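**Student:** Dropping in query-v8.pdb, which is PDB, C-alpha atoms:
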```
MODEL        1
ATOM      1  CA  MET A   1     160.898  42.568 224.797
ATOM      2  CA  GLY A   2     159.818  43.341 228.335
ATOM      3  CA  GLU A   3     156.643  45.212 229.178
ATOM      4  CA  ALA A   4     158.587  48.229 230.447
ATOM      5  CA  GLU A   5     160.595  48.446 227.254
ATOM      6  CA  ALA A   6     157.486  48.194 225.134
ATOM      7  CA  GLU A   7     155.887  50.962 227.164
ATOM      8  CA  ALA A   8     158.958  53.167 226.747
ATOM      9  CA  GLY A   9     158.899  52.501 223.028
ATOM     10  CA  ARG A  10     155.248  53.470 222.782
ATOM     11  CA  ARG A  11     155.902  56.649 224.728
ATOM     12  CA  ALA A  12     158.826  57.578 222.488
ATOM     13  CA  ALA A  13     156.696  57.014 219.400
ATOM     14  CA  THR A  14     153.923  59.228 220.780
ATOM     15  CA  GLU A  15     156.398  61.959 221.611
ATOM     16  CA  ALA A  16     157.984  61.832 218.198
ATOM     17  CA  ARG A  17     154.524  62.164 216.675
ATOM     18  CA  ASP A  18     153.648  65.085 218.963
ATOM     19  CA  ARG A  19     156.844  66.820 218.064
ATOM     20  CA  LEU A  20     156.271  66.374 214.356
ATOM     21  CA  ARG A  21     152.773  67.733 214.690
ATOM     22  CA  PHE A  22     154.034  70.693 216.685
ATOM     23  CA  GLU A  23     156.570  71.470 213.969
ATOM     24  CA  GLU A  24     153.972  71.219 211.228
ATOM     25  CA  ASP A  25     151.613  73.513 213.129
ATOM     26  CA  ALA A  26     154.362  76.046 213.801
ATOM     27  CA  LEU A  27     155.393  76.103 210.135
ATOM     28  CA  GLU A  28     151.868  77.137 209.195
ATOM     29  CA  PHE A  29     152.504  80.466 210.906
ATOM     30  CA  ALA A  30     155.834  81.207 209.234
ATOM     31  CA  ASP A  31     154.468  83.803 206.830
ATOM     32  CA  GLN A  32     152.507  85.598 209.550
ATOM     33  CA  VAL A  33     155.505  85.568 211.870
ATOM     34  CA  TYR A  34     157.679  86.983 209.094
ATOM     35  CA  ARG A  35     155.235  89.812 208.352
ATOM     36  CA  VAL A  36     155.485  91.028 211.934
ATOM     37  CA  ALA A  37     159.248  90.477 212.102
ATOM     38  CA  ARG A  38     159.799  92.459 208.947
ATOM     39  CA  ARG A  39     158.328  95.600 210.501
ATOM     40  CA  LEU A  40     160.227  95.214 213.757
ATOM     41  CA  VAL A  41     163.667  95.318 212.163
ATOM     42  CA  SER A  42     165.101  97.472 209.451
ATOM     43  CA  SER A  43     166.080  95.021 206.729
ATOM     44  CA  ARG A  44     164.740  91.932 205.046
ATOM     45  CA  GLU A  45     167.925  90.015 205.917
ATOM     46  CA  GLU A  46     167.552  90.855 209.594
ATOM     47  CA  ALA A  47     163.935  89.765 209.499
ATOM     48  CA  GLU A  48     164.890  86.433 207.912
ATOM     49  CA  ASP A  49     167.570  85.854 210.542
ATOM     50  CA  LEU A  50     165.209  86.734 213.330
ATOM     51  CA  VAL A  51     162.529  84.374 212.053
ATOM     52  CA  GLN A  52     165.038  81.540 211.669
ATOM     53  CA  ASP A  53     166.375  82.086 215.191
ATOM     54  CA  THR A  54     162.814  82.096 216.444
ATOM     55  CA  TYR A  55     162.004  78.784 214.798
ATOM     56  CA  ALA A  56     165.287  77.219 215.872
ATOM     57  CA  ARG A  57     164.426  78.032 219.465
ATOM     58  CA  ALA A  58     160.769  77.075 219.119
ATOM     59  CA  PHE A  59     161.611  73.647 217.646
ATOM     60  CA  ARG A  60     164.107  72.949 220.396
ATOM     61  CA  SER A  61     161.809  73.986 223.200
ATOM     62  CA  TRP A  62     158.590  72.620 221.795
ATOM     63  CA  ARG A  63     157.761  71.006 225.127
ATOM     64  CA  SER A  64     157.273  74.365 226.757
ATOM     65  CA  PHE A  65     154.362  75.103 224.447
ATOM     66  CA  THR A  66     151.025  74.249 226.026
ATOM     67  CA  ALA A  67     148.813  72.486 223.508
ATOM     68  CA  GLY A  68     145.566  74.323 222.882
ATOM     69  CA  THR A  69     146.976  77.782 223.607
ATOM     70  CA  ASN A  70     147.747  80.456 221.019
ATOM     71  CA  MET A  71     150.784  79.188 219.115
ATOM     72  CA  ARG A  72     151.154  82.292 216.959
ATOM     73  CA  ALA A  73     151.366  84.440 220.111
ATOM     74  CA  TRP A  74     153.836  81.962 221.626
ATOM     75  CA  LEU A  75     156.081  82.226 218.566
ATOM     76  CA  LEU A  76     155.887  86.007 218.590
ATOM     77  CA  ARG A  77     156.826  86.072 222.235
ATOM     78  CA  ILE A  78     160.014  84.167 221.425
ATOM     79  CA  LEU A  79     160.639  86.505 218.520
ATOM     80  CA  THR A  80     160.211  89.753 220.446
ATOM     81  CA  ASN A  81     162.448  88.454 223.240
ATOM     82  CA  LEU A  82     165.141  87.457 220.764
ATOM     83  CA  ASN A  83     164.857  90.846 219.148
ATOM     84  CA  LEU A  84     165.532  92.462 222.522
ATOM     85  CA  ASP A  85     168.399  90.047 223.235
ATOM     86  CA  ARG A  86     170.033  91.005 219.972
ATOM     87  CA  GLY A  87     170.856  94.261 221.611
ATOM     88  CA  ARG A  88     168.289  96.312 219.852
ATOM     89  CA  LYS A  89     169.365  99.842 220.538
ATOM     90  CA  VAL A  90     168.075 100.788 223.946
ATOM     91  CA  GLN A  91     165.753 103.710 223.657
ATOM     92  CA  ARG A  92     164.151 105.619 226.400
ATOM     93  CA  THR A  93     160.428 105.601 226.003
ATOM     94  CA  PRO A  94     159.553 109.218 225.404
ATOM     95  CA  ASP A  95     157.525 110.781 228.145
ATOM     96  CA  LEU A  96     153.849 110.350 227.679
ATOM     97  CA  GLU A  97     152.932 113.990 227.507
ATOM     98  CA  PRO A  98     149.552 114.316 225.862
ATOM     99  CA  LEU A  99     149.699 114.721 222.131
ATOM    100  CA  GLU A 100     147.505 117.671 221.239
ATOM    101  CA  GLU A 101     146.074 116.204 218.097
ATOM    102  CA  GLY A 102     143.347 113.668 218.655
ATOM    103  CA  ASP A 103     142.458 110.514 216.776
ATOM    104  CA  TYR A 104     140.610 112.467 214.120
ATOM    105  CA  TYR A 105     143.725 114.491 213.298
ATOM    106  CA  LEU A 106     144.543 113.024 209.902
ATOM    107  CA  ALA A 107     140.896 112.904 208.805
ATOM    108  CA  ASN A 108     140.424 116.505 209.914
ATOM    109  CA  LYS A 109     143.462 117.598 207.947
ATOM    110  CA  LEU A 110     142.149 115.935 204.810
ATOM    111  CA  ALA A 111     138.693 117.370 205.309
ATOM    112  CA  ALA A 112     140.153 120.832 205.864
ATOM    113  CA  SER A 113     142.107 120.740 202.620
ATOM    114  CA  ASP A 114     139.593 118.961 200.379
ATOM    115  CA  GLY A 115     136.235 119.303 202.074
ATOM    116  CA  GLU A 116     134.222 116.887 204.207
ATOM    117  CA  GLN A 117     133.052 114.915 201.201
ATOM    118  CA  VAL A 118     136.534 113.604 200.581
ATOM    119  CA  LEU A 119     136.171 111.322 203.595
ATOM    120  CA  GLU A 120     133.356 109.465 201.861
ATOM    121  CA  HIS A 121     135.758 108.017 199.320
ATOM    122  CA  ASP A 122     137.302 104.690 200.189
ATOM    123  CA  ARG A 123     140.293 105.531 198.055
ATOM    124  CA  VAL A 124     141.140 108.715 199.872
ATOM    125  CA  VAL A 125     143.751 106.818 201.911
ATOM    126  CA  GLU A 126     145.608 105.976 198.726
ATOM    127  CA  ARG A 127     146.858 109.531 198.683
ATOM    128  CA  LEU A 128     149.189 108.568 201.476
ATOM    129  CA  SER A 129     152.454 107.307 200.100
ATOM    130  CA  GLN A 130     153.186 103.645 200.726
ATOM    131  CA  ASP A 131     156.857 104.332 201.360
ATOM    132  CA  GLY A 132     155.764 107.033 203.769
ATOM    133  CA  ILE A 133     153.730 104.527 205.775
ATOM    134  CA  VAL A 134     156.581 102.044 205.967
ATOM    135  CA  SER A 135     159.101 104.671 207.002
ATOM    136  CA  ALA A 136     156.717 106.299 209.491
ATOM    137  CA  LEU A 137     156.295 102.891 211.155
ATOM    138  CA  SER A 138     160.026 102.325 211.280
ATOM    139  CA  GLU A 139     160.573 105.717 212.878
ATOM    140  CA  LEU A 140     158.233 105.071 215.786
ATOM    141  CA  PRO A 141     159.944 104.710 219.162
ATOM    142  CA  HIS A 142     160.580 100.961 219.577
ATOM    143  CA  ASP A 143     158.205 100.381 222.464
ATOM    144  CA  PHE A 144     155.380 101.964 220.533
ATOM    145  CA  ARG A 145     156.299 100.280 217.297
ATOM    146  CA  ASP A 146     156.221  96.812 218.869
ATOM    147  CA  VAL A 147     152.637  97.317 219.973
ATOM    148  CA  VAL A 148     151.437  98.992 216.779
ATOM    149  CA  VAL A 149     153.004  96.259 214.640
ATOM    150  CA  LEU A 150     151.585  93.431 216.755
ATOM    151  CA  VAL A 151     148.059  94.854 216.724
ATOM    152  CA  ASP A 152     147.879  96.530 213.318
ATOM    153  CA  ILE A 153     149.975  94.158 211.231
ATOM    154  CA  GLY A 154     149.790  90.984 213.314
ATOM    155  CA  GLU A 155     146.143  91.538 214.231
ATOM    156  CA  PHE A 156     146.686  90.474 217.811
ATOM    157  CA  SER A 157     144.227  91.409 220.553
ATOM    158  CA  TYR A 158     145.328  93.769 223.324
ATOM    159  CA  ALA A 159     145.510  90.795 225.688
ATOM    160  CA  ASP A 160     147.731  88.777 223.343
ATOM    161  CA  ALA A 161     150.001  91.751 222.723
ATOM    162  CA  ALA A 162     150.307  92.249 226.492
ATOM    163  CA  GLN A 163     151.278  88.618 226.932
ATOM    164  CA  ILE A 164     153.762  88.655 224.069
ATOM    165  CA  LEU A 165     155.521  91.763 225.346
ATOM    166  CA  ASP A 166     155.075  90.890 229.014
ATOM    167  CA  VAL A 167     153.560  94.251 229.893
ATOM    168  CA  PRO A 168     150.201  95.123 231.473
ATOM    169  CA  ILE A 169     147.266  95.509 229.110
ATOM    170  CA  GLY A 170     146.936  99.177 230.086
ATOM    171  CA  THR A 171     150.462  99.732 228.803
ATOM    172  CA  VAL A 172     149.534  98.111 225.502
ATOM    173  CA  MET A 173     146.565 100.430 225.197
ATOM    174  CA  SER A 174     148.455 103.610 225.989
ATOM    175  CA  ARG A 175     151.399 102.757 223.713
ATOM    176  CA  LEU A 176     149.064 101.750 220.916
ATOM    177  CA  HIS A 177     147.048 104.880 221.282
ATOM    178  CA  ARG A 178     150.033 107.135 221.286
ATOM    179  CA  GLY A 179     151.912 105.171 218.638
ATOM    180  CA  ARG A 180     149.014 105.442 216.215
ATOM    181  CA  ARG A 181     148.692 109.157 216.861
ATOM    182  CA  ILE A 182     152.377 109.701 216.159
ATOM    183  CA  LEU A 183     151.979 107.652 213.003
ATOM    184  CA  LYS A 184     149.033 109.714 211.793
ATOM    185  CA  HIS A 185     150.875 112.875 212.591
ATOM    186  CA  LYS A 186     153.842 111.788 210.482
ATOM    187  CA  LEU A 187     151.563 110.740 207.639
ATOM    188  CA  ALA A 188     149.715 114.037 207.722
ATOM    189  CA  ASP A 189     152.937 116.037 207.744
ATOM    190  CA  GLU A 190     154.430 114.060 204.951
ATOM    191  CA  SER A 191     151.537 113.530 202.604
ATOM    192  CA  LEU A 192     149.535 116.666 203.012
ATOM    193  CA  SER A 193     152.049 119.402 203.543
TER     194      SER A 193
ATOM    195  CA  MET B   1     136.445 120.561 225.121
ATOM    196  CA  SER B   2     134.673 118.474 227.713
ATOM    197  CA  ALA B   3     133.946 114.818 228.274
ATOM    198  CA  ASP B   4     130.256 115.663 227.881
ATOM    199  CA  ASP B   5     130.781 116.418 224.210
ATOM    200  CA  PRO B   6     129.369 113.313 222.465
ATOM    201  CA  CYS B   7     131.726 113.673 219.487
ATOM    202  CA  GLU B   8     134.695 113.807 221.794
ATOM    203  CA  LYS B   9     133.472 110.704 223.596
ATOM    204  CA  CYS B  10     133.019 109.017 220.226
ATOM    205  CA  GLU B  11     136.548 109.967 219.199
ATOM    206  CA  GLN B  12     137.836 108.328 222.360
ATOM    207  CA  MET B  13     136.022 105.119 221.475
ATOM    208  CA  LEU B  14     137.324 105.053 217.904
ATOM    209  CA  GLN B  15     140.429 102.933 218.470
ATOM    210  CA  PRO B  16     138.970 100.275 220.800
ATOM    211  CA  PHE B  17     135.844 100.163 218.634
ATOM    212  CA  LEU B  18     137.808  99.271 215.515
ATOM    213  CA  ASP B  19     140.001  96.897 217.525
ATOM    214  CA  ARG B  20     136.848  95.139 218.724
ATOM    215  CA  GLU B  21     137.863  95.731 222.305
ATOM    216  CA  LEU B  22     134.759  97.621 223.493
ATOM    217  CA  SER B  23     132.129  96.016 225.694
ATOM    218  CA  ALA B  24     128.732  95.314 224.114
ATOM    219  CA  VAL B  25     127.240  98.261 225.995
ATOM    220  CA  GLU B  26     129.935 100.624 224.730
ATOM    221  CA  VAL B  27     129.505  99.382 221.168
ATOM    222  CA  VAL B  28     125.805 100.220 221.310
ATOM    223  CA  GLU B  29     126.623 103.637 222.724
ATOM    224  CA  ALA B  30     129.116 104.331 219.939
ATOM    225  CA  GLU B  31     126.770 103.066 217.245
ATOM    226  CA  GLU B  32     123.909 105.207 218.490
ATOM    227  CA  HIS B  33     126.064 108.262 218.175
ATOM    228  CA  LEU B  34     127.450 107.207 214.789
ATOM    229  CA  ASN B  35     123.941 106.720 213.428
ATOM    230  CA  ALA B  36     123.087 110.259 214.380
ATOM    231  CA  CYS B  37     126.336 112.027 213.594
ATOM    232  CA  GLU B  38     127.701 112.271 210.093
ATOM    233  CA  TYR B  39     130.851 114.019 211.256
ATOM    234  CA  CYS B  40     131.963 111.078 213.405
ATOM    235  CA  ARG B  41     130.650 108.509 210.951
ATOM    236  CA  ARG B  42     132.903 109.857 208.204
ATOM    237  CA  ARG B  43     135.882 109.811 210.502
ATOM    238  CA  TYR B  44     135.265 106.238 211.623
ATOM    239  CA  ARG B  45     134.928 105.195 208.024
ATOM    240  CA  PHE B  46     138.148 106.955 207.122
ATOM    241  CA  GLU B  47     139.982 105.360 210.012
ATOM    242  CA  GLU B  48     138.755 101.931 208.989
ATOM    243  CA  SER B  49     140.106 102.308 205.456
ATOM    244  CA  LEU B  50     143.327 103.738 206.836
ATOM    245  CA  ARG B  51     143.777 100.632 208.980
ATOM    246  CA  ARG B  52     143.252  98.353 206.013
ATOM    247  CA  TYR B  53     145.586 100.404 203.863
ATOM    248  CA  VAL B  54     148.363 100.430 206.455
ATOM    249  CA  ARG B  55     148.022  96.677 206.969
ATOM    250  CA  LEU B  56     148.136  96.011 203.258
ATOM    251  CA  THR B  57     151.008  98.379 202.623
ATOM    252  CA  ALA B  58     153.193  97.356 205.528
ATOM    253  CA  SER B  59     152.605  93.613 205.215
ATOM    254  CA  GLU B  60     155.426  91.973 203.304
ATOM    255  CA  ARG B  61     155.207  88.338 202.354
ATOM    256  CA  MET B  62     157.794  85.862 203.468
ATOM    257  CA  PRO B  63     160.578  85.704 200.871
ATOM    258  CA  PRO B  64     160.796  82.514 198.815
ATOM    259  CA  GLY B  65     163.264  80.078 200.291
ATOM    260  CA  LEU B  66     162.743  81.072 203.904
ATOM    261  CA  LEU B  67     160.320  78.233 204.545
ATOM    262  CA  ASP B  68     162.897  75.718 203.325
ATOM    263  CA  LYS B  69     165.500  77.207 205.620
ATOM    264  CA  ILE B  70     163.110  76.966 208.558
ATOM    265  CA  ASN B  71     162.290  73.386 207.631
ATOM    266  CA  GLN B  72     165.934  72.475 207.933
ATOM    267  CA  LEU B  73     165.952  73.631 211.533
ATOM    268  CA  ARG B  74     163.659  70.796 212.568
ATOM    269  CA  GLY B  75     164.795  67.841 214.608
ATOM    270  CA  GLN B  76     167.621  69.572 216.488
ATOM    271  CA  PRO B  77     168.416  68.335 220.015
ATOM    272  CA  GLU B  78     165.850  69.580 222.474
ATOM    273  CA  VAL B  79     166.154  72.060 225.242
ATOM    274  CA  ILE B  80     164.522  70.502 228.266
TER     275      ILE B  80
ENDMDL
END
```
Represent the supplied structure as structure tokens.
**Tutor:**
Amino acid sequence: MGEAEAEAGRRAATEARDRLRFEEDALEFADQVYRVARRLVSSREEAEDLVQDTYARAFRSWRSFTAGTNMRAWLLRILTNLNLDRGRKVQRTPDLEPLEEGDYYLANKLAASDGEQVLEHDRVVERLSQDGIVSALSELPHDFRDVVVLVDIGEFSYADAAQILDVPIGTVMSRLHRGRRILKHKLADESLS
Amino acid sequence: MSADDPCEKCEQMLQPFLDRELSAVEVVEAEEHLNACEYCRRRYRFEESLRRYVRLTASERMPPGLLDKINQLRGQPEVI
């Protein structure tokens, strides 16, 4: 075997090993990727499909991942793009008129109905219905929901969320802020009325 | 309502504080106020448990079998 052939063989072996390692690393994130996907679409089946499409694409384009960067964010970027490509219903982002109620809205409501002391109890949040939380999330305008899900469920930083969604960090902050307020408003209306 | 109201300022810092996105200086500022103000302290505490509760409630584990399906997607021809 010639030197050039041997070199090519060694390179192919290294690449095959790199690819295997990439796949193993990516698989480690499957559960975390699914948890985010599940809240971005309306059914479990859709979430499974979306995650499989994401991995199919990720495995095929593994070379475009830069080793040492955030692989979970890279996977989520593929996923959110695919979700858009699937023709997610186009929604106009509602105008950002200020929402009167501040960030203390839900806490204030609870305190007003049960007294300040109620806020001292860790279990006070358990009064909110779990189904109510899931449906309130699903009813958020899509642009807001993407950010809230990435940060609150996926535990991504503002910078990662900005990169995943390809929007400026200021947009992440304003959507997050407003999305959470809408969420709290819905929870207050539903659980405390 | 004015920006000079320390509780209002504290309310504005609530979200980035819990997201760990405040600068060190801002964290100190928020903590100083929280140490002195029971009203805000209770609300921060509430918000923290709310975050945990939402995360726990809305986080659904991957269904069994999905990992196997993903595994079968390995080794497909590459996109260069």
**Student:** Show me, as number ranges by chain, every residue of chain B with an atom at most 9 Å from chain A, counting all atoms listed in the file.
**Tutor:** B: 11-12, 14-16, 19-21, 39-40, 42-47, 49-63, 66-67, 69-71, 73-80
**Student:** In Å, how far is it from atom CA of Val28 of chain B to atom CA of Pro6 of chain B?
**Tutor:**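 Calculated distance between atom CA of Val28 of chain B and atom CA of Pro6 of chain B is 13.6 Å.
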**Student:** In Å to one decimal, how far is atom CA of Leu18 of chain B from atom CA of Leu183 of chain A?
**Tutor:** 16.7 Å
**Student:** Taking the file as I've supplied it (selection: the PyMOL selection byres ((chain B and resi 30-33) around 10)), which residues are included? Please answer as a list in words.
**Tutor:** Pro6, Cys7, Lys9, Cys10, Glu11, Gln12, Met13, Leu14, Phe17, Leu22, Ala24, Val25, Glu26, Val27, Val28, Glu29, Leu34, Asn35, Ala36, Cys37, Glu38, Cys40 and Arg41 of chain B
**Student:** Using all atoms of segment 53-64 of chain B listed in the file and a margin of 3 Å per side, can you give the axis-aligned box centre and edge lengths in Å to one decimal, as JSON?
**Tutor:**
```
{"center_x": 153.2, "center_y": 91.5, "center_z": 202.9, "size_x": 21.2, "size_y": 23.9, "size_z": 14.2}
```
**Student:** If I take atom CA of Leu40 of chain A and atom CA of Asp146 of chain A, how far is one from the other in Å, to one decimal?
**Tutor:**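 These atoms are spaced 6.7 Å apart.
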**Student:** Restricting the calculation to only C-alpha atoms, which member of A:Ile164, A:Ala136, A:Leu150, A:Leu110 is positioned closest to Ile78 of chain A?
**Tutor:** A:Ile164
**Student:** Which one is closest to Ser43 of chain A: A:Asn70, A:Asn81, A:Ser138, A:Thr14? Count only C-alpha atoms.
**Tutor:** A:Ser138
**Student:** Kindly reconstruct segment 37-56 of chain B with N, CA and C atoms and present the result as an mmCIF file, in the frame of the given file.
**Tutor:**
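As written to disk, out.cif reads:
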```cif
data_model
loop_
_atom_site.group_PDB
_atom_site.id
_atom_site.type_symbol
_atom_site.label_atom_id
_atom_site.label_comp_id
_atom_site.auth_asym_id
_atom_site.auth_seq_id
_atom_site.Cartn_x
_atom_site.Cartn_y
_atom_site.Cartn_z
ATOM 1 N N CYS B 37 125.332 110.987 213.832
ATOM 2 C CA CYS B 37 126.336 112.027 213.594
ATOM 3 C C CYS B 37 127.193 111.733 212.360
ATOM 4 N N GLU B 38 126.976 112.492 211.336
ATOM 5 C CA GLU B 38 127.701 112.271 210.093
ATOM 6 C C GLU B 38 129.197 112.589 210.245
ATOM 7 N N TYR B 39 129.466 113.595 211.024
ATOM 8 C CA TYR B 39 130.851 114.019 211.256
ATOM 9 C C TYR B 39 131.688 112.844 211.779
ATOM 10 N N CYS B 40 131.221 112.209 212.830
ATOM 11 C CA CYS B 40 131.963 111.078 213.405
ATOM 12 C C CYS B 40 131.932 109.863 212.484
ATOM 13 N N ARG B 41 130.782 109.675 211.832
ATOM 14 C CA ARG B 41 130.650 108.509 210.951
ATOM 15 C C ARG B 41 131.707 108.552 209.841
ATOM 16 N N ARG B 42 131.892 109.721 209.261
ATOM 17 C CA ARG B 42 132.903 109.857 208.204
ATOM 18 C C ARG B 42 134.306 109.556 208.721
ATOM 19 N N ARG B 43 134.543 110.014 209.941
ATOM 20 C CA ARG B 43 135.882 109.811 210.502
ATOM 21 C C ARG B 43 136.137 108.342 210.874
ATOM 22 N N TYR B 44 135.109 107.667 211.333
ATOM 23 C CA TYR B 44 135.265 106.238 211.623
ATOM 24 C C TYR B 44 135.538 105.476 210.334
ATOM 25 N N ARG B 45 134.784 105.852 209.314
ATOM 26 C CA ARG B 45 134.928 105.195 208.024
ATOM 27 C C ARG B 45 136.339 105.413 207.461
ATOM 28 N N PHE B 46 136.801 106.644 207.590
ATOM 29 C CA PHE B 46 138.148 106.955 207.122
ATOM 30 C C PHE B 46 139.184 106.122 207.868
ATOM 31 N N GLU B 47 139.005 106.075 209.180
ATOM 32 C CA GLU B 47 139.982 105.360 210.012
ATOM 33 C C GLU B 47 140.011 103.870 209.668
ATOM 34 N N GLU B 48 138.839 103.337 209.349
ATOM 35 C CA GLU B 48 138.755 101.931 208.989
ATOM 36 C C GLU B 48 139.523 101.659 207.691
ATOM 37 N N SER B 49 139.348 102.549 206.694
ATOM 38 C CA SER B 49 140.106 102.308 205.456
ATOM 39 C C SER B 49 141.589 102.557 205.664
ATOM 40 N N LEU B 50 141.910 103.492 206.551
ATOM 41 C CA LEU B 50 143.327 103.738 206.836
ATOM 42 C C LEU B 50 143.974 102.485 207.433
ATOM 43 N N ARG B 51 143.247 101.858 208.379
ATOM 44 C CA ARG B 51 143.777 100.632 208.980
ATOM 45 C C ARG B 51 144.075 99.572 207.930
ATOM 46 N N ARG B 52 143.097 99.375 207.060
ATOM 47 C CA ARG B 52 143.252 98.353 206.013
ATOM 48 C C ARG B 52 144.443 98.679 205.120
ATOM 49 N N TYR B 53 144.536 99.961 204.778
ATOM 50 C CA TYR B 53 145.586 100.404 203.863
ATOM 51 C C TYR B 53 146.966 100.222 204.497
ATOM 52 N N VAL B 54 147.080 100.582 205.761
ATOM 53 C CA VAL B 54 148.363 100.430 206.455
ATOM 54 C C VAL B 54 148.733 98.946 206.520
ATOM 55 N N ARG B 55 147.750 98.117 206.849
ATOM 56 C CA ARG B 55 148.022 96.677 206.969
ATOM 57 C C ARG B 55 148.510 96.103 205.638
ATOM 58 N N LEU B 56 147.807 96.504 204.596
ATOM 59 C CA LEU B 56 148.136 96.011 203.258
ATOM 60 C C LEU B 56 149.522 96.488 202.817
#
```
